[in-house]
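Participant: My structure is stored as query30.txt, with compact mmCIF, C-alpha atoms.
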```
# COMPACT_ATOMS: atom_id res chain seq x y z
CA MET Z 1411 -2.62 3.65 22.30
CA GLY Z 1412 -5.16 5.97 23.78
CA ILE Z 1413 -8.61 6.95 22.61
CA GLN Z 1414 -7.25 10.19 21.10
CA ASP Z 1415 -4.80 8.15 18.98
CA ILE Z 1416 -7.64 5.98 17.72
CA ILE Z 1417 -9.78 9.01 16.89
CA GLU Z 1418 -6.89 10.71 15.09
CA GLY Z 1419 -6.14 7.51 13.19
CA LYS Z 1420 -9.76 7.31 12.02
CA LYS Z 1421 -9.69 10.94 10.88
CA GLN Z 1422 -6.51 10.31 8.90
CA TRP Z 1423 -7.95 7.16 7.33
CA ARG Z 1424 -11.16 8.96 6.32
CA ALA Z 1425 -9.11 11.74 4.71
CA HIS Z 1426 -7.08 9.07 2.92
CA VAL Z 1427 -10.22 7.37 1.60
CA ALA Z 1428 -11.61 10.73 0.46
CA ARG Z 1429 -8.44 11.32 -1.59
CA VAL Z 1430 -8.85 7.92 -3.22
CA LYS Z 1431 -12.49 8.66 -4.07
CA ALA Z 1432 -11.44 11.94 -5.70
CA LEU Z 1433 -9.30 10.03 -8.23
CA PRO Z 1434 -10.72 9.04 -11.64
CA PRO Z 1435 -12.37 5.58 -11.72
CA ASP Z 1436 -9.47 3.80 -13.45
CA TYR Z 1437 -7.02 5.14 -10.86
CA GLN Z 1438 -9.36 4.06 -8.05
CA ILE Z 1439 -9.55 0.50 -9.38
CA VAL Z 1440 -5.78 0.19 -9.67
CA TYR Z 1441 -5.22 1.79 -6.26
CA LYS Z 1442 -7.66 -0.58 -4.58
CA GLU Z 1443 -5.97 -3.60 -6.18
CA ILE Z 1444 -2.55 -2.39 -5.03
CA GLN Z 1445 -3.92 -1.70 -1.56
CA LYS Z 1446 -5.50 -5.14 -1.34
CA TYR Z 1447 -2.21 -6.75 -2.38
CA LEU Z 1448 -0.16 -4.69 0.08
CA PHE Z 1449 -2.51 -5.49 2.96
CA LYS Z 1450 -2.13 -9.17 2.18
CA VAL Z 1451 1.62 -9.53 1.63
CA GLY Z 1452 2.97 -6.03 1.97
CA PRO Z 1453 5.56 -4.62 4.30
CA ILE Z 1454 5.14 -5.19 8.00
CA ASP Z 1455 5.48 -1.44 8.62
CA LEU Z 1456 2.64 -0.59 6.20
CA PRO Z 1457 0.32 0.85 8.89
CA ASP Z 1458 3.08 3.11 10.22
CA GLY Z 1459 4.60 4.14 6.90
CA ASN Z 1460 3.73 6.55 4.14
CA LEU Z 1461 3.53 4.05 1.29
CA LEU Z 1462 -0.22 4.28 0.66
CA SER Z 1463 -0.35 8.07 0.82
CA GLY Z 1464 2.72 8.18 -1.42
CA ILE Z 1465 0.89 6.12 -4.02
CA ILE Z 1466 -2.02 8.57 -3.90
CA ASP Z 1467 0.40 11.50 -4.27
CA PHE Z 1468 1.92 9.79 -7.31
CA PHE Z 1469 -1.52 9.11 -8.79
CA GLU Z 1470 -2.69 12.69 -8.17
CA GLU Z 1471 0.37 13.96 -10.05
CA GLY Z 1472 -0.48 11.62 -12.92
CA VAL Z 1473 -4.05 12.89 -13.04
CA ALA Z 1474 -2.81 16.49 -13.01
CA ALA Z 1475 -0.49 15.67 -15.93
CA GLY Z 1476 -3.39 14.13 -17.84
CA LYS Z 1477 -1.90 10.65 -17.94
CA GLY Z 1478 -3.76 7.38 -17.67
CA VAL Z 1479 -2.94 5.14 -14.73
CA LEU Z 1480 -1.31 2.48 -16.90
CA GLU Z 1481 0.94 5.12 -18.46
CA LEU Z 1482 2.28 5.77 -14.96
CA ILE Z 1483 2.71 2.25 -13.64
CA GLY Z 1484 2.87 0.08 -16.75
CA ASN Z 1485 0.61 -2.78 -17.78
CA ASP Z 1486 1.59 -5.09 -14.93
CA VAL Z 1487 0.00 -3.80 -11.72
CA ALA Z 1488 1.40 -6.70 -9.67
CA ALA Z 1489 4.96 -5.98 -10.82
CA PHE Z 1490 4.50 -2.33 -9.86
CA ALA Z 1491 3.28 -3.34 -6.38
CA ASP Z 1492 6.17 -5.78 -5.99
CA ASP Z 1493 8.66 -3.05 -6.89
CA LEU Z 1494 7.20 -0.84 -4.16
CA VAL Z 1495 8.02 -3.39 -1.46
CA LYS Z 1496 11.06 -5.12 -2.94
CA ASP Z 1497 13.45 -3.87 -0.23
CA SER Z 1498 11.02 -4.20 2.68
CA ARG Z 1499 10.44 -7.08 5.06
CA THR Z 1500 6.97 -8.39 4.24
CA ASN Z 1501 4.35 -10.56 5.88
CA ALA Z 1502 5.09 -13.12 3.17
CA ASP Z 1503 8.74 -13.22 4.29
CA ILE Z 1504 7.68 -13.88 7.87
CA TYR Z 1505 5.38 -16.67 6.74
CA GLN Z 1506 8.08 -18.27 4.60
CA GLU Z 1507 10.49 -18.19 7.52
CA SER Z 1508 7.92 -19.72 9.85
CA ILE Z 1509 7.28 -22.71 7.57
CA SER Z 1510 10.92 -23.22 6.64
CA GLY Z 1511 11.66 -24.48 10.13
CA LYS Z 1512 14.48 -22.04 10.82
CA PRO Z 1513 14.53 -21.38 14.57
CA ASN Z 1514 14.33 -17.78 15.81
CA THR Z 1515 13.65 -16.30 12.38
CA ALA Z 1516 9.91 -15.77 12.50
CA GLU Z 1517 8.50 -12.82 14.38
CA LYS Z 1518 5.88 -13.53 17.01
```
Output the file's structure as C-alpha cells, nothing else.
Facilitator:
Amino acid sequence: MGIQDIIEGKKQWRAHVARVKALPPDYQIVYKEIQKYLFKVGPIDLPDGNLLSGIIDFFEEGVAAGKGVLELIGNDVAAFADDLVKDSRTNADIYQESISGKPNTAEK
C-alpha cells in the first residue's frame, strides 16, 4: 500500500463520514451503533467491502421516503446488524475457532 492509496482511503473515509453527518440525528445514532458493532464483530472483509456505504444508501433512501429509522430496520438494531453479516465470516468466528482448540482453523 503506497502513500497514494492511503491518501485516497482517507478521502473516501471523509466523504463517508460527511454522508453520515448529513443524515437526521436518529439515523446517525443508529448508524454509529451498527458501525461500532460491525467493527467489533463484523465481517473480516468489512474494510474492503461496501457494507457501510450500503447502509448509508439504505438510510438515505429512508430519509427521502420520509420514514423513521426504526420503520426501516425494526425495533431491534442488533438483530438488524446480525442479519447484515449472517452469511459472512466474522472476527467473532475466528475468535471462537481459536479458543475451541481446533488446529488450523483460526486465521493468523
Participant: Kindly indicate which residue among Z:Asp1455, Z:Asp1415, Z:Glu1507, Z:Glu1443 lies nearest to Ala1491 in chain Z, using all atoms listed in the file for the distances.
Facilitator: Z:Glu1443
Participant: Looking at all atoms listed in the file, which of Z:Ile1439, Z:Ile1509, Z:Leu1433, Z:Ile1416 is the one that sits closest to Ala1474 in chain Z?
Facilitator: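 Result for the nearest residue to Ala1474 in chain Z: Z:Leu1433.
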Participant: So, with all atoms listed in the file as the atoms that count, which of Z:Asp1436, Z:Arg1499, Z:Lys1442, Z:Phe1449 lies closest to Gly1472 in chain Z?
Facilitator: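 When distances to Gly1472 in chain Z are compared using all atoms listed in the file, the smallest one comes from Z:Asp1436.
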Participant: Can you measure CA of Val1440 in chain Z to CA of Gly1478 in chain Z for me? One decimal in Å is fine.
Facilitator: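 CA of Val1440 in chain Z sits 10.9 Å away from CA of Gly1478 in chain Z.
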Participant: Counting only C-alpha atoms, which residue out of Z:Pro1434, Z:Pro1453, Z:Gly1419, Z:Gly1511 sits closest to Phe1469 in chain Z?
Facilitator: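 Smallest separation from Phe1469 in chain Z among the options: Z:Pro1434.
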Participant: Between CA of Val1451 in chain Z and CA of Thr1500 in chain Z, what is the distance, to one decimal in Å?
Facilitator: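 Straight-line distance from CA of Val1451 in chain Z to CA of Thr1500 in chain Z works out to 6.1 Å.
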Participant: Go ahead and compute the interatomic distance for CA of Gly1452 in chain Z and CA of Ala1475 in chain Z, in Å to one decimal.
Facilitator: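 It comes out at 28.3 Å.
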Participant: Taking only C-alpha atoms into account, which of Z:Ile1444, Z:Ile1413, Z:Ile1454, Z:Leu1462 comes nearest Arg1429 in chain Z?
Facilitator: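 Using only C-alpha atoms, Arg1429 in chain Z sits closest to Z:Leu1462.
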Participant: Of the candidates Z:Gln1445, Z:Lys1450, Z:Phe1468, Z:Glu1418, which one gets nearest to Asp1503 in chain Z if we count all atoms listed in the file?
Facilitator: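 Going through Z:Gln1445, Z:Lys1450, Z:Phe1468, Z:Glu1418 one by one, the smallest distance to Asp1503 in chain Z is for Z:Lys1450.
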